[in-house]
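Data file: coords-v8.cif. Format and content: mmCIF, C-alpha atoms.
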data_coords
loop_
_atom_site.group_PDB
_atom_site.id
_atom_site.type_symbol
_atom_site.label_atom_id
_atom_site.label_comp_id
_atom_site.auth_asym_id
_atom_site.auth_seq_id
_atom_site.Cartn_x
_atom_site.Cartn_y
_atom_site.Cartn_z
ATOM 1 C CA MET W 130 -48.447 -22.765 -14.631
ATOM 2 C CA THR W 131 -45.584 -25.098 -13.690
ATOM 3 C CA SER W 132 -42.196 -23.653 -12.882
ATOM 4 C CA THR W 133 -39.061 -25.489 -13.944
ATOM 5 C CA PRO W 134 -36.811 -26.713 -11.161
ATOM 6 C CA PRO W 135 -33.369 -25.131 -10.982
ATOM 7 C CA SER W 136 -30.688 -26.862 -12.994
ATOM 8 C CA PRO W 137 -28.393 -29.054 -10.871
ATOM 9 C CA HIS W 138 -25.534 -27.696 -12.961
ATOM 10 C CA ASN W 139 -26.173 -24.097 -11.963
ATOM 11 C CA ARG W 140 -23.371 -23.419 -9.502
ATOM 12 C CA SER W 141 -23.802 -19.644 -9.391
ATOM 13 C CA ARG W 142 -23.250 -18.018 -6.040
ATOM 14 C CA SER W 143 -23.684 -14.562 -4.702
ATOM 15 C CA GLU W 144 -20.569 -12.405 -4.639
ATOM 16 C CA ASP W 145 -20.152 -12.693 -0.868
ATOM 17 C CA GLU W 146 -20.622 -16.472 -0.737
ATOM 18 C CA ASP W 147 -17.410 -18.509 -0.613
ATOM 19 C CA ASP W 148 -16.989 -21.320 -3.102
ATOM 20 C CA PRO W 149 -16.116 -24.487 -1.151
ATOM 21 C CA VAL W 150 -14.042 -25.850 -4.055
ATOM 22 C CA ASP W 151 -11.956 -22.659 -4.133
ATOM 23 C CA GLY W 152 -11.424 -23.018 -0.393
ATOM 24 C CA MET W 153 -10.283 -26.621 -0.718
ATOM 25 C CA ILE W 154 -7.913 -25.831 -3.588
ATOM 26 C CA SER W 155 -6.497 -22.813 -1.754
ATOM 27 C CA ARG W 156 -5.531 -25.045 1.171
ATOM 28 C CA THR W 157 -3.495 -27.264 -1.150
ATOM 29 C CA GLY W 158 -1.199 -24.476 -2.315
ATOM 30 C CA CYS W 159 -2.218 -25.157 -5.928
ATOM 31 C CA ALA W 160 -4.695 -22.299 -6.381
ATOM 32 C CA GLU W 161 -2.611 -20.280 -8.843
ATOM 33 C CA LEU W 162 -2.178 -23.323 -11.081
ATOM 34 C CA HIS W 163 -5.903 -24.022 -10.832
ATOM 35 C CA TYR W 164 -6.720 -20.460 -11.908
ATOM 36 C CA ALA W 165 -4.239 -20.686 -14.796
ATOM 37 C CA LEU W 166 -5.987 -23.863 -15.924
ATOM 38 C CA GLN W 167 -9.391 -22.179 -15.661
ATOM 39 C CA ASP W 168 -8.118 -19.210 -17.681
ATOM 40 C CA CYS W 169 -6.757 -21.521 -20.375
ATOM 41 C CA MET W 170 -10.039 -23.422 -20.562
ATOM 42 C CA ALA W 171 -12.023 -20.182 -20.797
ATOM 43 C CA GLU W 172 -9.776 -18.929 -23.584
ATOM 44 C CA HIS W 173 -9.541 -22.114 -25.664
ATOM 45 C CA GLN W 174 -12.751 -23.990 -24.750
ATOM 46 C CA ASP W 175 -10.787 -27.215 -25.297
ATOM 47 C CA TRP W 176 -8.948 -29.056 -22.514
ATOM 48 C CA ARG W 177 -6.618 -30.641 -25.074
ATOM 49 C CA LYS W 178 -5.083 -27.204 -25.699
ATOM 50 C CA CYS W 179 -4.413 -26.797 -21.978
ATOM 51 C CA GLN W 180 -2.336 -29.906 -21.335
ATOM 52 C CA THR W 181 0.607 -27.964 -19.893
ATOM 53 C CA GLU W 182 -1.692 -26.349 -17.326
ATOM 54 C CA VAL W 183 -3.470 -29.654 -16.634
ATOM 55 C CA GLN W 184 -0.156 -31.412 -16.001
ATOM 56 C CA LYS W 185 1.207 -28.680 -13.700
ATOM 57 C CA PHE W 186 -2.012 -28.652 -11.651
ATOM 58 C CA LYS W 187 -2.040 -32.455 -11.491
ATOM 59 C CA GLU W 188 1.581 -32.562 -10.291
ATOM 60 C CA CYS W 189 0.880 -29.956 -7.619
ATOM 61 C CA MET W 190 -2.188 -31.823 -6.373
ATOM 62 C CA THR W 191 -0.319 -35.152 -6.361
ATOM 63 C CA THR W 192 2.483 -33.608 -4.294
ATOM 64 C CA TYR W 193 -0.071 -32.183 -1.854
ATOM 65 C CA GLN W 194 -1.896 -35.514 -1.572
ATOM 66 C CA ASN W 195 1.325 -37.438 -0.917
ATOM 67 C CA THR W 196 2.439 -34.923 1.706
ATOM 68 C CA ARG W 197 -0.974 -35.003 3.388
ATOM 69 C CA LYS W 198 -0.989 -38.802 3.376
ATOM 70 C CA GLU W 199 2.409 -38.847 5.093
ATOM 71 C CA GLN W 200 1.163 -36.371 7.710
ATOM 72 C CA LEU W 201 -1.904 -38.486 8.458
ATOM 73 C CA LEU W 202 0.163 -41.659 8.726
ATOM 74 C CA LYS W 203 2.535 -39.957 11.191
ATOM 75 C CA GLN W 204 -0.432 -38.747 13.242
ATOM 76 C CA ARG W 205 -1.945 -42.240 13.286
ATOM 77 C CA THR W 206 1.389 -43.805 14.269
ATOM 78 C CA SER W 207 1.899 -41.206 16.983
ATOM 79 C CA ALA W 208 -1.627 -41.702 18.346
ATOM 80 C CA THR W 209 -1.239 -45.483 18.306
ATOM 81 C CA GLN W 210 2.074 -45.356 20.178
ATOM 82 C CA SER W 211 0.748 -43.010 22.869
ATOM 83 C CA ALA W 212 -2.388 -45.084 23.470
#

So, in terms of structure tokens, how does the structure I just supplied come out?
Amino acid sequence: MTSTPPSPHNRSRSEDEDDPVDGMISRTGCAELHYALQDCMAEHQDWRKCQTEVQKFKECMTTYQNTRKEQLLKQRTSATQSA
């Protein structure tokens, strides 16, 4: 008897195992918006009905990315000048 391989889409984790995506999103400061988007998607099962949540999450992530980019550029400039 041949067993079927696990689905690559099965992302289930045990209760005590941290989700790396949740960890990454938490570090951005956008976690609450992410959860609101997930709740909307679970309720409506249609991303088109969650455009307000999508836009708020997108704006938060864009702000984080721009801020992080500026921080990295400052670090690079600082490291270059001290070398």

Mind pulling up the distance from CA of Thr157 in chain W to CA of Arg197 in chain W? 9.3 Å

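Relative to CA of Thr192 in chain W, CA of Gln174 in chain W is found at 27.3 Å.
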
Considering all atoms listed in the file, return as a list in words whatever protein or nucleic-acid residues lie within 8 Å of Leu162 in chain W, sequence-local ones (same chain, fewer than 5 positions apart) excluded. Glu182, Lys185 and Phe186 of chain W

Show me, as a VMD selection string, the residues that have an atom within 8 Å of Cys169 in chain W when counting only C-alpha atoms, minus same-chain residues fewer than 3 positions from it. chain W and resid 165 to 166 172 to 174 178 to 179 182

Shell around Ile154 in chain W at 12 Å using only C-alpha atoms, local window under 2 positions removed, as a PyMOL selection string: chain W and resi 148-152+156-164+186-187+189-190+193-194

Between CA of Val183 in chain W and CA of Thr196 in chain W - distance in Å to one decimal: 20.0 Å
